[in-house]
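Undergrad: Provided herewith: work-v4.txt, compact mmCIF, C-alpha atoms.
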```
# COMPACT_ATOMS: atom_id res chain seq x y z
CA MET S 123 0.00 0.00 0.00
CA ARG S 124 2.56 2.51 1.15
CA VAL S 125 4.00 3.17 -2.28
CA ASP S 126 0.53 4.01 -3.60
CA ILE S 127 -0.63 6.36 -0.90
CA ALA S 128 -0.19 9.96 -1.82
CA LYS S 129 1.12 11.85 1.21
CA GLY S 130 -1.92 14.11 1.02
CA ILE S 131 -4.34 11.20 1.50
CA LEU S 132 -2.58 10.10 4.67
CA GLU S 133 -2.42 13.65 6.04
CA LYS S 134 -6.11 14.24 5.38
CA ASN S 135 -6.90 10.90 7.00
CA ASP S 136 -4.84 11.71 10.09
CA THR S 137 -6.52 15.11 10.55
CA LEU S 138 -9.98 13.54 10.46
CA ALA S 139 -8.75 10.73 12.75
CA GLU S 140 -7.89 13.37 15.37
CA GLU S 141 -11.42 14.74 15.08
CA ASN S 142 -12.80 11.21 15.54
CA ARG S 143 -10.59 10.75 18.61
CA ALA S 144 -11.94 13.95 20.15
CA LEU S 145 -15.51 12.84 19.41
CA PHE S 146 -14.91 9.44 21.03
CA ALA S 147 -13.36 11.07 24.11
CA ALA S 148 -16.25 13.53 24.43
CA ASN S 149 -18.68 10.61 24.40
CA ASP S 150 -16.57 8.38 26.66
CA VAL S 151 -16.44 5.56 24.09
CA PHE S 152 -13.51 3.17 23.79
CA VAL S 153 -12.83 2.23 20.15
CA VAL S 154 -11.06 -0.87 18.81
CA ASP S 155 -9.98 -1.28 15.18
CA LEU S 156 -9.98 -5.03 14.42
CA MET S 157 -7.83 -6.06 11.45
CA ALA S 158 -7.32 -9.49 9.82
CA SER S 159 -7.24 -11.43 6.55
CA PRO S 160 -10.51 -12.29 4.81
CA GLY S 161 -12.09 -15.19 6.64
CA ALA S 162 -9.90 -15.07 9.76
CA GLY S 163 -13.02 -14.80 11.88
CA LYS S 164 -13.38 -11.09 12.59
CA THR S 165 -17.18 -11.13 12.82
CA SER S 166 -17.22 -14.34 14.91
CA THR S 167 -14.64 -12.84 17.26
CA ILE S 168 -16.75 -9.70 17.61
CA LEU S 169 -19.80 -11.83 18.42
CA ALA S 170 -17.81 -13.80 21.02
CA THR S 171 -16.53 -10.53 22.51
CA ILE S 172 -20.05 -9.13 22.65
CA ALA S 173 -21.21 -12.29 24.45
CA ALA S 174 -18.41 -11.88 27.00
CA LEU S 175 -18.88 -8.16 27.65
CA ARG S 176 -22.47 -7.20 26.91
CA ASN S 177 -23.53 -7.34 30.56
CA ARG S 178 -20.77 -4.92 31.46
CA TYR S 179 -20.72 -2.50 28.52
CA SER S 180 -23.04 -1.05 25.93
CA ILE S 181 -21.46 -2.08 22.60
CA GLY S 182 -21.78 -0.90 18.99
CA VAL S 183 -20.15 -2.22 15.83
CA ILE S 184 -19.03 -0.71 12.52
CA GLU S 185 -18.57 -3.30 9.77
CA GLY S 186 -16.24 -2.54 6.87
CA ASP S 187 -16.43 -4.53 3.63
CA ILE S 188 -15.84 -3.96 -0.06
CA ALA S 189 -19.44 -5.02 -0.67
CA SER S 190 -22.46 -6.71 1.00
CA ARG S 191 -24.30 -6.24 4.29
CA VAL S 192 -23.68 -9.82 5.47
CA ASP S 193 -21.70 -8.91 8.58
CA ALA S 194 -23.77 -6.00 9.86
CA GLU S 195 -26.90 -8.13 9.55
CA LYS S 196 -25.20 -10.92 11.50
CA ILE S 197 -24.27 -8.52 14.32
CA ALA S 198 -27.64 -6.74 14.33
CA SER S 199 -29.42 -10.09 14.65
CA HIS S 200 -27.83 -10.29 18.12
CA GLY S 201 -29.51 -7.05 19.14
CA VAL S 202 -26.37 -4.92 18.89
CA PRO S 203 -26.36 -1.64 16.91
CA ALA S 204 -24.33 -2.22 13.74
CA VAL S 205 -23.51 0.03 10.79
CA GLN S 206 -22.21 -1.38 7.51
CA ILE S 207 -19.67 0.57 5.47
CA ASN S 208 -19.18 -0.58 1.88
CA THR S 209 -15.89 0.78 0.61
CA GLY S 210 -16.60 0.10 -3.06
CA GLY S 211 -13.15 -0.96 -4.09
CA ALA S 212 -11.08 0.34 -1.19
CA CYS S 213 -8.95 -2.20 0.68
CA HIS S 214 -9.19 -0.45 4.07
CA LEU S 215 -11.33 1.92 6.10
CA GLU S 216 -10.45 5.61 6.38
CA SER S 217 -11.31 8.09 9.09
CA ASP S 218 -13.92 9.96 7.03
CA MET S 219 -15.84 6.70 6.47
CA ILE S 220 -15.80 6.12 10.23
CA ARG S 221 -17.06 9.62 10.86
CA ARG S 222 -20.04 9.15 8.53
CA ALA S 223 -20.83 5.77 10.11
CA VAL S 224 -20.53 7.17 13.65
CA ASP S 225 -23.02 9.89 12.79
CA THR S 226 -25.68 7.19 12.38
CA LEU S 227 -24.98 5.72 15.86
CA ASP S 228 -26.05 7.01 19.28
CA LEU S 229 -22.45 7.42 20.41
CA ALA S 230 -23.36 8.83 23.84
CA ALA S 231 -25.14 5.55 24.65
CA LEU S 232 -22.06 3.39 23.90
CA ASP S 233 -19.11 2.34 26.07
CA LEU S 234 -17.32 0.27 23.45
CA LEU S 235 -17.27 0.62 19.66
CA ILE S 236 -15.70 -2.22 17.68
CA ILE S 237 -14.68 -1.45 14.10
CA GLU S 238 -14.22 -4.43 11.79
CA ASN S 239 -11.81 -3.34 9.08
CA VAL S 240 -11.79 -4.73 5.50
CA GLY S 241 -10.21 -8.20 5.34
CA ASN S 242 -6.62 -7.35 4.53
CA LEU S 243 -3.22 -7.75 6.24
CA VAL S 244 -1.67 -4.77 4.50
CA CYS S 245 -3.73 -1.68 3.76
CA PRO S 246 -5.47 -1.06 7.13
CA THR S 247 -2.06 -0.87 8.85
CA ASP S 248 -1.32 2.68 7.75
CA PHE S 249 -4.67 4.30 8.47
CA ASP S 250 -5.39 5.87 11.84
CA LEU S 251 -9.17 5.87 12.36
CA GLY S 252 -9.04 7.70 15.69
CA GLU S 253 -9.29 4.37 17.54
CA HIS S 254 -7.75 3.70 20.97
CA ALA S 255 -6.25 0.36 19.96
CA LYS S 256 -5.56 -1.55 16.79
CA VAL S 257 -5.91 -5.31 17.36
CA MET S 258 -5.25 -8.01 14.81
CA ILE S 259 -6.47 -11.56 14.36
CA LEU S 260 -4.49 -14.29 12.66
CA SER S 261 -6.27 -17.60 12.17
CA VAL S 262 -4.46 -20.93 12.47
CA PRO S 263 -5.27 -22.09 8.89
CA GLU S 264 -3.36 -19.06 7.53
CA GLY S 265 -0.08 -20.49 8.81
CA HIS S 266 2.59 -19.48 11.30
CA ASP S 267 4.80 -17.69 8.74
CA LYS S 268 2.57 -14.62 8.43
CA PRO S 269 4.60 -12.32 10.74
CA ARG S 270 7.56 -12.76 8.37
CA LYS S 271 5.47 -11.97 5.31
CA TYR S 272 3.27 -9.18 6.72
CA PRO S 273 5.41 -7.59 9.45
CA GLY S 274 3.72 -4.17 9.41
CA ILE S 275 0.39 -5.27 10.83
CA PHE S 276 2.06 -7.23 13.62
CA GLN S 277 4.04 -4.11 14.51
CA VAL S 278 1.06 -1.79 14.87
CA ALA S 279 -1.20 -4.24 16.75
CA GLU S 280 -1.57 -3.74 20.50
CA ALA S 281 -2.79 -7.32 20.86
CA VAL S 282 -2.75 -10.38 18.59
CA ILE S 283 -5.62 -12.84 18.64
CA LEU S 284 -4.82 -16.32 17.29
CA ASN S 285 -8.24 -17.57 16.20
CA LYS S 286 -9.49 -21.03 15.11
CA TYR S 287 -7.16 -22.44 17.75
CA ASP S 288 -9.44 -25.48 17.90
CA THR S 289 -8.20 -26.47 14.41
CA MET S 290 -4.56 -26.61 15.54
CA GLY S 291 -4.52 -30.40 15.05
CA VAL S 292 -5.68 -30.07 11.46
CA PHE S 293 -2.98 -27.65 10.29
CA ASP S 294 0.79 -27.64 10.43
CA PHE S 295 1.10 -24.52 12.63
CA ASP S 296 4.29 -23.98 14.64
CA GLU S 297 3.08 -21.91 17.60
CA ASP S 298 6.56 -21.41 19.11
CA GLU S 299 7.93 -20.01 15.87
CA PHE S 300 4.84 -17.81 15.51
CA ARG S 301 5.20 -16.37 19.02
CA GLU S 302 8.93 -15.77 18.54
CA ASP S 303 8.32 -13.96 15.25
CA VAL S 304 5.55 -11.82 16.78
CA ARG S 305 7.83 -10.92 19.71
CA ARG S 306 10.65 -9.96 17.36
CA LEU S 307 8.32 -7.45 15.65
CA ASN S 308 6.42 -6.30 18.72
CA LEU S 309 7.83 -6.34 22.23
CA HIS S 310 4.57 -5.85 24.10
CA ALA S 311 1.54 -7.27 22.26
CA PRO S 312 0.02 -10.22 24.11
CA VAL S 313 -1.03 -13.22 21.98
CA PHE S 314 -4.47 -14.66 22.79
CA PRO S 315 -5.23 -18.12 21.38
CA ILE S 316 -9.01 -18.35 21.03
CA SER S 317 -11.73 -20.23 19.27
CA ALA S 318 -14.47 -17.75 18.47
CA ARG S 319 -16.63 -20.73 17.53
CA THR S 320 -16.34 -22.66 20.81
CA GLY S 321 -15.63 -19.64 23.02
CA ASP S 322 -12.36 -21.14 24.34
CA GLY S 323 -9.81 -18.49 25.27
CA VAL S 324 -12.22 -15.58 24.71
CA GLU S 325 -12.23 -14.75 28.43
CA ALA S 326 -8.51 -13.86 28.53
CA TRP S 327 -8.89 -11.61 25.48
CA ALA S 328 -12.01 -9.98 26.95
CA GLU S 329 -10.20 -9.36 30.27
CA TRP S 330 -7.37 -7.63 28.43
CA LEU S 331 -9.90 -5.46 26.61
CA VAL S 332 -11.66 -4.56 29.88
CA SER S 333 -8.36 -3.50 31.44
CA ARG S 334 -7.58 -1.32 28.39
CA ILE S 335 -11.06 0.26 28.55
CA GLU S 336 -10.78 0.93 32.29
CA ASP S 337 -7.23 2.34 31.89
CA GLU S 338 -8.54 4.77 29.32
CA LYS S 339 -11.44 5.78 31.58
CA GLY S 340 -8.93 6.33 34.39
CA LYS S 341 -6.95 8.72 32.21
CA ARG S 342 -10.05 10.79 31.48
CA ALA S 343 -11.31 10.79 35.08
CA MET B 41 -7.95 0.03 -3.58
CA ARG B 42 -9.64 1.67 -6.52
CA VAL B 43 -10.33 4.96 -4.79
CA ASP B 44 -6.63 5.31 -3.94
CA ILE B 45 -5.10 4.53 -7.28
CA ALA B 46 -4.18 7.62 -9.20
CA LYS B 47 -5.18 7.16 -12.84
CA GLY B 48 -1.56 7.76 -13.81
CA ILE B 49 -0.34 4.77 -11.80
CA LEU B 50 -2.78 2.42 -13.53
CA GLU B 51 -1.94 3.80 -16.98
CA LYS B 52 1.79 3.43 -16.40
CA ASN B 53 1.20 -0.08 -15.11
CA ASP B 54 -0.87 -1.05 -18.16
CA THR B 55 1.74 0.27 -20.60
CA LEU B 56 4.46 -1.81 -18.96
CA ALA B 57 2.09 -4.79 -18.81
CA GLU B 58 1.78 -4.64 -22.61
CA GLU B 59 5.58 -4.73 -22.86
CA ASN B 60 5.65 -7.76 -20.55
CA ARG B 61 3.01 -9.45 -22.69
CA ALA B 62 5.10 -8.93 -25.81
CA LEU B 63 8.15 -10.29 -24.02
CA PHE B 64 6.26 -13.38 -22.87
CA ALA B 65 4.93 -13.97 -26.41
CA ALA B 66 8.39 -13.58 -27.94
CA ASN B 67 9.69 -16.22 -25.53
CA ASP B 68 6.69 -18.51 -25.89
CA VAL B 69 5.98 -18.51 -22.15
CA PHE B 70 2.51 -18.85 -20.66
CA VAL B 71 2.06 -16.70 -17.56
CA VAL B 72 -0.42 -17.17 -14.70
CA ASP B 73 -1.07 -14.56 -12.00
CA LEU B 74 -2.18 -16.44 -8.88
CA MET B 75 -4.13 -14.34 -6.36
CA ALA B 76 -5.50 -15.23 -2.90
CA SER B 77 -5.76 -14.18 0.74
CA PRO B 78 -2.76 -14.59 3.03
CA GLY B 79 -2.47 -18.25 3.96
CA ALA B 80 -4.92 -19.61 1.37
CA GLY B 81 -2.19 -21.95 0.13
CA LYS B 82 -0.74 -20.17 -2.91
CA THR B 83 2.75 -21.60 -2.50
CA SER B 84 1.45 -25.11 -1.74
CA THR B 85 -0.80 -24.93 -4.80
CA ILE B 86 2.16 -23.86 -6.93
CA LEU B 87 4.20 -26.80 -5.59
CA ALA B 88 1.34 -29.20 -6.34
CA THR B 89 1.00 -27.71 -9.85
CA ILE B 90 4.73 -28.09 -10.43
CA ALA B 91 4.55 -31.73 -9.34
CA ALA B 92 1.69 -32.33 -11.81
CA LEU B 93 3.28 -30.56 -14.78
CA ARG B 94 7.05 -30.62 -14.42
CA ASN B 95 7.49 -33.59 -16.75
CA ARG B 96 5.60 -31.75 -19.45
CA TYR B 97 6.73 -28.13 -19.06
CA SER B 98 9.73 -26.16 -17.93
CA ILE B 99 8.38 -24.00 -15.09
CA GLY B 100 9.56 -20.85 -13.31
CA VAL B 101 8.05 -18.96 -10.39
CA ILE B 102 7.95 -15.32 -9.26
CA GLU B 103 7.06 -14.91 -5.58
CA GLY B 104 5.53 -11.65 -4.40
CA ASP B 105 5.52 -10.74 -0.71
CA ILE B 106 5.65 -7.61 1.42
CA ALA B 107 8.75 -9.05 3.09
CA SER B 108 10.80 -12.28 3.51
CA ARG B 109 12.22 -14.88 1.13
CA VAL B 110 10.29 -17.79 2.69
CA ASP B 111 8.31 -18.71 -0.42
CA ALA B 112 11.04 -18.42 -3.06
CA GLU B 113 13.29 -20.61 -0.92
CA LYS B 114 10.52 -23.19 -0.60
CA ILE B 115 10.04 -23.30 -4.38
CA ALA B 116 13.77 -23.27 -5.16
CA SER B 117 14.29 -26.21 -2.80
CA HIS B 118 12.25 -28.23 -5.33
CA GLY B 119 14.75 -27.42 -8.07
CA VAL B 120 12.53 -24.84 -9.80
CA PRO B 121 13.88 -21.38 -10.67
CA ALA B 122 12.24 -18.87 -8.33
CA VAL B 123 12.64 -15.12 -7.92
CA GLN B 124 11.42 -13.31 -4.83
CA ILE B 125 9.95 -9.82 -5.10
CA ASN B 126 9.61 -7.89 -1.84
CA THR B 127 7.17 -5.06 -2.34
CA GLY B 128 8.12 -3.19 0.83
CA GLY B 129 4.68 -2.01 1.81
CA ALA B 130 2.77 -2.53 -1.44
CA CYS B 131 -0.32 -4.77 -1.29
CA HIS B 132 0.01 -6.07 -4.85
CA LEU B 133 2.51 -6.65 -7.64
CA GLU B 134 2.88 -4.19 -10.51
CA SER B 135 4.12 -4.77 -14.03
CA ASP B 136 7.44 -3.01 -13.50
CA MET B 137 8.25 -5.33 -10.58
CA ILE B 138 7.50 -8.30 -12.84
CA ARG B 139 9.75 -6.92 -15.55
CA ARG B 140 12.68 -6.57 -13.15
CA ALA B 141 12.11 -10.10 -11.80
CA VAL B 142 11.79 -11.56 -15.30
CA ASP B 143 15.13 -10.02 -16.25
CA THR B 144 16.78 -12.35 -13.72
CA LEU B 145 15.15 -15.47 -15.24
CA ASP B 146 16.11 -17.38 -18.40
CA LEU B 147 12.72 -16.72 -19.99
CA ALA B 148 13.56 -18.52 -23.25
CA ALA B 149 14.04 -21.75 -21.29
CA LEU B 150 10.55 -21.60 -19.70
CA ASP B 151 7.14 -22.81 -20.94
CA LEU B 152 5.18 -21.73 -17.89
CA LEU B 153 5.76 -18.86 -15.46
CA ILE B 154 3.64 -18.78 -12.31
CA ILE B 155 3.42 -15.47 -10.47
CA GLU B 156 2.34 -15.62 -6.84
CA ASN B 157 0.82 -12.25 -6.02
CA VAL B 158 0.84 -10.65 -2.54
CA GLY B 159 -1.75 -12.25 -0.23
CA ASN B 160 -4.72 -9.96 -0.75
CA LEU B 161 -8.26 -10.28 -2.15
CA VAL B 162 -8.50 -6.65 -3.21
CA CYS B 163 -5.46 -4.84 -4.55
CA PRO B 164 -4.11 -7.36 -7.13
CA THR B 165 -7.45 -7.31 -8.94
CA ASP B 166 -6.83 -4.04 -10.74
CA PHE B 167 -3.27 -4.60 -11.88
CA ASP B 168 -2.54 -6.18 -15.26
CA LEU B 169 0.92 -7.77 -15.10
CA GLY B 170 0.93 -8.88 -18.73
CA GLU B 171 -0.17 -12.38 -17.69
CA HIS B 172 -2.32 -14.67 -19.86
CA ALA B 173 -4.66 -15.62 -17.04
CA LYS B 174 -5.51 -14.41 -13.56
CA VAL B 175 -6.49 -17.32 -11.33
CA MET B 176 -7.67 -17.07 -7.74
CA ILE B 177 -7.61 -19.42 -4.78
CA LEU B 178 -10.12 -19.35 -1.97
CA SER B 179 -9.48 -21.71 0.93
CA VAL B 180 -12.30 -23.46 2.78
CA PRO B 181 -11.43 -21.98 6.22
CA GLU B 182 -12.03 -18.47 4.82
CA GLY B 183 -15.73 -19.21 4.45
CA HIS B 184 -18.25 -19.41 1.62
CA ASP B 185 -19.36 -15.76 1.88
CA LYS B 186 -16.24 -14.32 0.26
CA PRO B 187 -17.70 -13.77 -3.25
CA ARG B 188 -20.29 -11.44 -1.67
CA LYS B 189 -17.65 -9.50 0.22
CA TYR B 190 -14.88 -9.41 -2.41
CA PRO B 191 -16.73 -9.57 -5.74
CA GLY B 192 -14.00 -7.92 -7.84
CA ILE B 193 -11.46 -10.71 -7.62
CA PHE B 194 -14.07 -13.35 -8.46
CA GLN B 195 -15.01 -11.31 -11.52
CA VAL B 196 -11.51 -11.06 -12.99
CA ALA B 197 -10.47 -14.67 -12.28
CA GLU B 198 -10.47 -17.08 -15.23
CA ALA B 199 -10.56 -20.02 -12.83
CA VAL B 200 -11.28 -20.39 -9.11
CA ILE B 201 -9.41 -22.95 -7.03
CA LEU B 202 -11.11 -23.98 -3.77
CA ASN B 203 -8.18 -25.13 -1.65
CA LYS B 204 -8.00 -27.01 1.69
CA TYR B 205 -11.01 -28.98 0.49
CA ASP B 206 -9.88 -31.79 2.81
CA THR B 207 -10.89 -29.58 5.78
CA MET B 208 -14.49 -29.27 4.57
CA GLY B 209 -15.69 -31.35 7.54
CA VAL B 210 -14.01 -29.00 10.03
CA PHE B 211 -15.59 -25.78 8.78
CA ASP B 212 -19.12 -24.62 8.15
CA PHE B 213 -18.69 -24.05 4.39
CA ASP B 214 -21.78 -24.05 2.13
CA GLU B 215 -20.37 -25.18 -1.22
CA ASP B 216 -23.66 -24.77 -3.11
CA GLU B 217 -24.05 -21.18 -1.99
CA PHE B 218 -20.39 -20.52 -2.82
CA ARG B 219 -20.73 -21.91 -6.34
CA GLU B 220 -23.96 -19.98 -6.95
CA ASP B 221 -22.35 -16.73 -5.82
CA VAL B 222 -19.27 -17.32 -7.99
CA ARG B 223 -21.50 -18.04 -10.99
CA ARG B 224 -23.51 -14.87 -10.41
CA LEU B 225 -20.28 -12.85 -10.62
CA ASN B 226 -18.54 -14.86 -13.30
CA LEU B 227 -20.36 -16.86 -15.96
CA HIS B 228 -17.41 -18.92 -17.15
CA ALA B 229 -14.79 -19.55 -14.46
CA PRO B 230 -14.59 -23.22 -13.50
CA VAL B 231 -14.29 -24.01 -9.77
CA PHE B 232 -11.66 -26.62 -8.86
CA PRO B 233 -11.89 -28.10 -5.35
CA ILE B 234 -8.38 -29.24 -4.42
CA SER B 235 -6.22 -30.12 -1.48
CA ALA B 236 -2.73 -28.86 -2.27
CA ARG B 237 -1.57 -30.83 0.76
CA THR B 238 -2.92 -34.26 -0.26
CA GLY B 239 -2.91 -33.63 -4.02
CA ASP B 240 -6.61 -34.42 -4.35
CA GLY B 241 -8.25 -32.55 -7.20
CA VAL B 242 -4.99 -31.09 -8.49
CA GLU B 243 -5.21 -33.14 -11.69
CA ALA B 244 -8.40 -31.41 -12.91
CA TRP B 245 -6.92 -27.98 -12.26
CA ALA B 246 -3.66 -28.97 -14.00
CA GLU B 247 -5.59 -30.30 -17.01
CA TRP B 248 -7.41 -26.98 -17.33
CA LEU B 249 -4.09 -25.15 -17.19
CA VAL B 250 -2.60 -27.43 -19.87
CA SER B 251 -5.54 -26.75 -22.17
CA ARG B 252 -5.14 -22.97 -21.64
CA ILE B 253 -1.40 -23.22 -22.37
CA GLU B 254 -1.93 -25.30 -25.50
CA ASP B 255 -4.73 -22.97 -26.70
CA GLU B 256 -2.37 -20.05 -26.40
CA LYS B 257 0.35 -21.92 -28.27
CA GLY B 258 -2.16 -22.72 -31.00
CA LYS B 259 -2.95 -19.01 -31.38
CA ARG B 260 0.72 -18.20 -31.88
CA ALA B 261 1.44 -21.13 -34.26
```
Could you quickly redo this structure as structure tokens?

TA:
Amino acid sequence: MRVDIAKGILEKNDTLAEENRALFAANDVFVVDLMASPGAGKTSTILATIAALRNRYSIGVIEGDIASRVDAEKIASHGVPAVQINTGGACHLESDMIRRAVDTLDLAALDLLIIENVGNLVCPTDFDLGEHAKVMILSVPEGHDKPRKYPGIFQVAEAVILNKYDTMGVFDFDEDEFREDVRRLNLHAPVFPISARTGDGVEAWAEWLVSRIEDEKGKRA
Amino acid sequence: MRVDIAKGILEKNDTLAEENRALFAANDVFVVDLMASPGAGKTSTILATIAALRNRYSIGVIEGDIASRVDAEKIASHGVPAVQINTGGACHLESDMIRRAVDTLDLAALDLLIIENVGNLVCPTDFDLGEHAKVMILSVPEGHDKPRKYPGIFQVAEAVILNKYDTMGVFDFDEDEFREDVRRLNLHAPVFPISARTGDGVEAWAEWLVSRIEDEKGKRA
């Protein structure tokens, strides 16, 4: 992506991201930007996270996709406010798209806003949306060599979720090598093995998210 | 991607793609551009294709990745000439990168050149590399809803490989819905269920590729 982005596009994006950040702070909403490959289980992970945290927080979701309303409908069917962004051809979300989506949500009523970015391990990396944390998901079937091939996304992520962990026996995934490669790129990001489908491991990830949300509240208090 | 691409970049790319095409024709090489998500099994599919066709054709490979030489080393270890392109941050290959990579290969000695694009369902769609056919791989763990979410790549593909078919029992993949959605986007592309790991189904895909190669030869004869 980087070679294609005109400097002006990034600057404009960053300016609007700052406005988003101010809007989120004014409404006391914590915002997560969830990034992953197509089919890594972003929507399932969001649903599992909602199940874990909906008694504690009021949650909203923004769904980013090239096309279709599949994901927003899936989320909305669980009684959670969800807005679908269709990017047309764009391989990532930008801060102005988030702003337009946010304008359709009752932001003041939310504690946590989860943004599902377009399925892509490259483009979303460079775009600040005004979020508090970028988090990425890798799924076991994608293979343990992804940090070597897509280092940028592992560098910007504050936490790494390793999804479809229940299929570990089916694929040739070297978890030690994966963790070493993640650590080489990112000193601090915790790695959370989960199965969004079975719910295994979701608690540890949800606890991390709660502590991030409460930290942020503490800063504002 | 589309919204970010300056018209000039695409025009420059297309001009160089035409030069590549002429170069490939002059050397009687058939060129495939293989596109897929990260971890869909592009390299494994290339290895399985090489195993099926190496007695018939002289094959070379260009590997595209953001970073690392993992894939080119894997291919080269099978005694097949392989060039690695590292795009830095770019989410797709462009025709000038192909030209530079091709200059390091003995093109006259090859019948078939397989290009593995960067793992991405969006960006590679718009970039002509001078190839004869764009082919895409979807892997079963990614889910059957991908044609709805990433229609562009299914539209430009001449053939669709459905990889990791041996894991069909592990995932909730609706093959009928998938095939219907592919057909709605693309009237002609055959769908080849394969397991690059076990070799199942590779023969049908390889036969299709042979017929495309021989067709192209017939046109030039």

Undergrad: Counting all atoms listed in the file, which residues from chain B have an atom at most 7 Å from any atom of chain S, and could you show them as a list in words?

TA: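 Result, ordered by chain then number: Met41, Arg42, Val43, Asp44, Ile45, Ser77, Pro78, Gly79, Ala80, Asp105, Ile106, Ala107, Ser108, Gly129, Ala130, Cys131, Asn160, Val162, Cys163, Pro181, Glu182, Gly183, Arg188, Lys189 and Tyr190 of chain B.
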
Undergrad: Would you mind reading off the distance between atom CA of Pro315 of chain S and atom CA of Asp233 of chain S, one decimal, in Å?

TA: 25.2 Å

Undergrad: Padding 4 Å on every side, please: axis-aligned box over the listed atoms of segment 228-233 of chain S, centre and edge lengths to one decimal in Å, as lines of an AutoDock Vina configuration file.

TA:
```
center_x = -22.6
center_y = 5.6
center_z = 22.7
size_x = 14.9
size_y = 14.5
size_z = 14.8
```

Undergrad: From the set S:Asp228, S:Asp150, S:Glu338, S:Glu140, which residue has the shortest atom-to-atom contact distance to Leu251 of chain S, counting all atoms listed in the file?

TA: S:Glu140

Undergrad: Using atom CA of Gly241 of chain B and atom CA of His172 of chain B as the two end points, give the distance in Å to one decimal.

TA: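 Spanning atom CA of Gly241 of chain B to atom CA of His172 of chain B is a straight-line distance of 22.7 Å.
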
Undergrad: Given the choices S:Gly291, S:Gly252, S:Gly182, S:Gly340, which gets closest to Thr137 of chain S if the distance is worked out from all atoms listed in the file?

TA: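 The answer is S:Gly252, which sits nearest to Thr137 of chain S.
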
Undergrad: At a cut-off of 9 Å, using all atoms listed in the file, what residues contact Ile253 of chain B? Leave out same-chain residues fewer than 2 positions from it and give the result as a PDB file with C-alpha atoms, in the frame of the given file.

TA:
```
ATOM      1  CA  VAL B  69       5.980 -18.510 -22.150  1.00  0.00           C
ATOM      2  CA  PHE B  70       2.510 -18.850 -20.660  1.00  0.00           C
ATOM      3  CA  VAL B  71       2.060 -16.700 -17.560  1.00  0.00           C
ATOM      4  CA  ASP B 151       7.140 -22.810 -20.940  1.00  0.00           C
ATOM      5  CA  LEU B 152       5.180 -21.730 -17.890  1.00  0.00           C
ATOM      6  CA  HIS B 172      -2.320 -14.670 -19.860  1.00  0.00           C
ATOM      7  CA  TRP B 248      -7.410 -26.980 -17.330  1.00  0.00           C
ATOM      8  CA  LEU B 249      -4.090 -25.150 -17.190  1.00  0.00           C
ATOM      9  CA  VAL B 250      -2.600 -27.430 -19.870  1.00  0.00           C
ATOM     10  CA  SER B 251      -5.540 -26.750 -22.170  1.00  0.00           C
ATOM     11  CA  ASP B 255      -4.730 -22.970 -26.700  1.00  0.00           C
ATOM     12  CA  GLU B 256      -2.370 -20.050 -26.400  1.00  0.00           C
ATOM     13  CA  LYS B 257       0.350 -21.920 -28.270  1.00  0.00           C
ATOM     14  CA  GLY B 258      -2.160 -22.720 -31.000  1.00  0.00           C
TER      15      GLY B 258
END
```

Undergrad: Could you please determine the separation between atom CA of Ala204 of chain S and atom CA of Leu284 of chain S in Å, to one decimal place?

TA: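 So the answer is 24.3 Å.
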
Undergrad: Would you mind telling me which residue in B:Asp240, B:Asp214, B:Asp136, B:Glu171 lies nearest to Glu156 of chain B when using all atoms listed in the file?

TA: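 Smallest separation from Glu156 of chain B among the options: B:Glu171.
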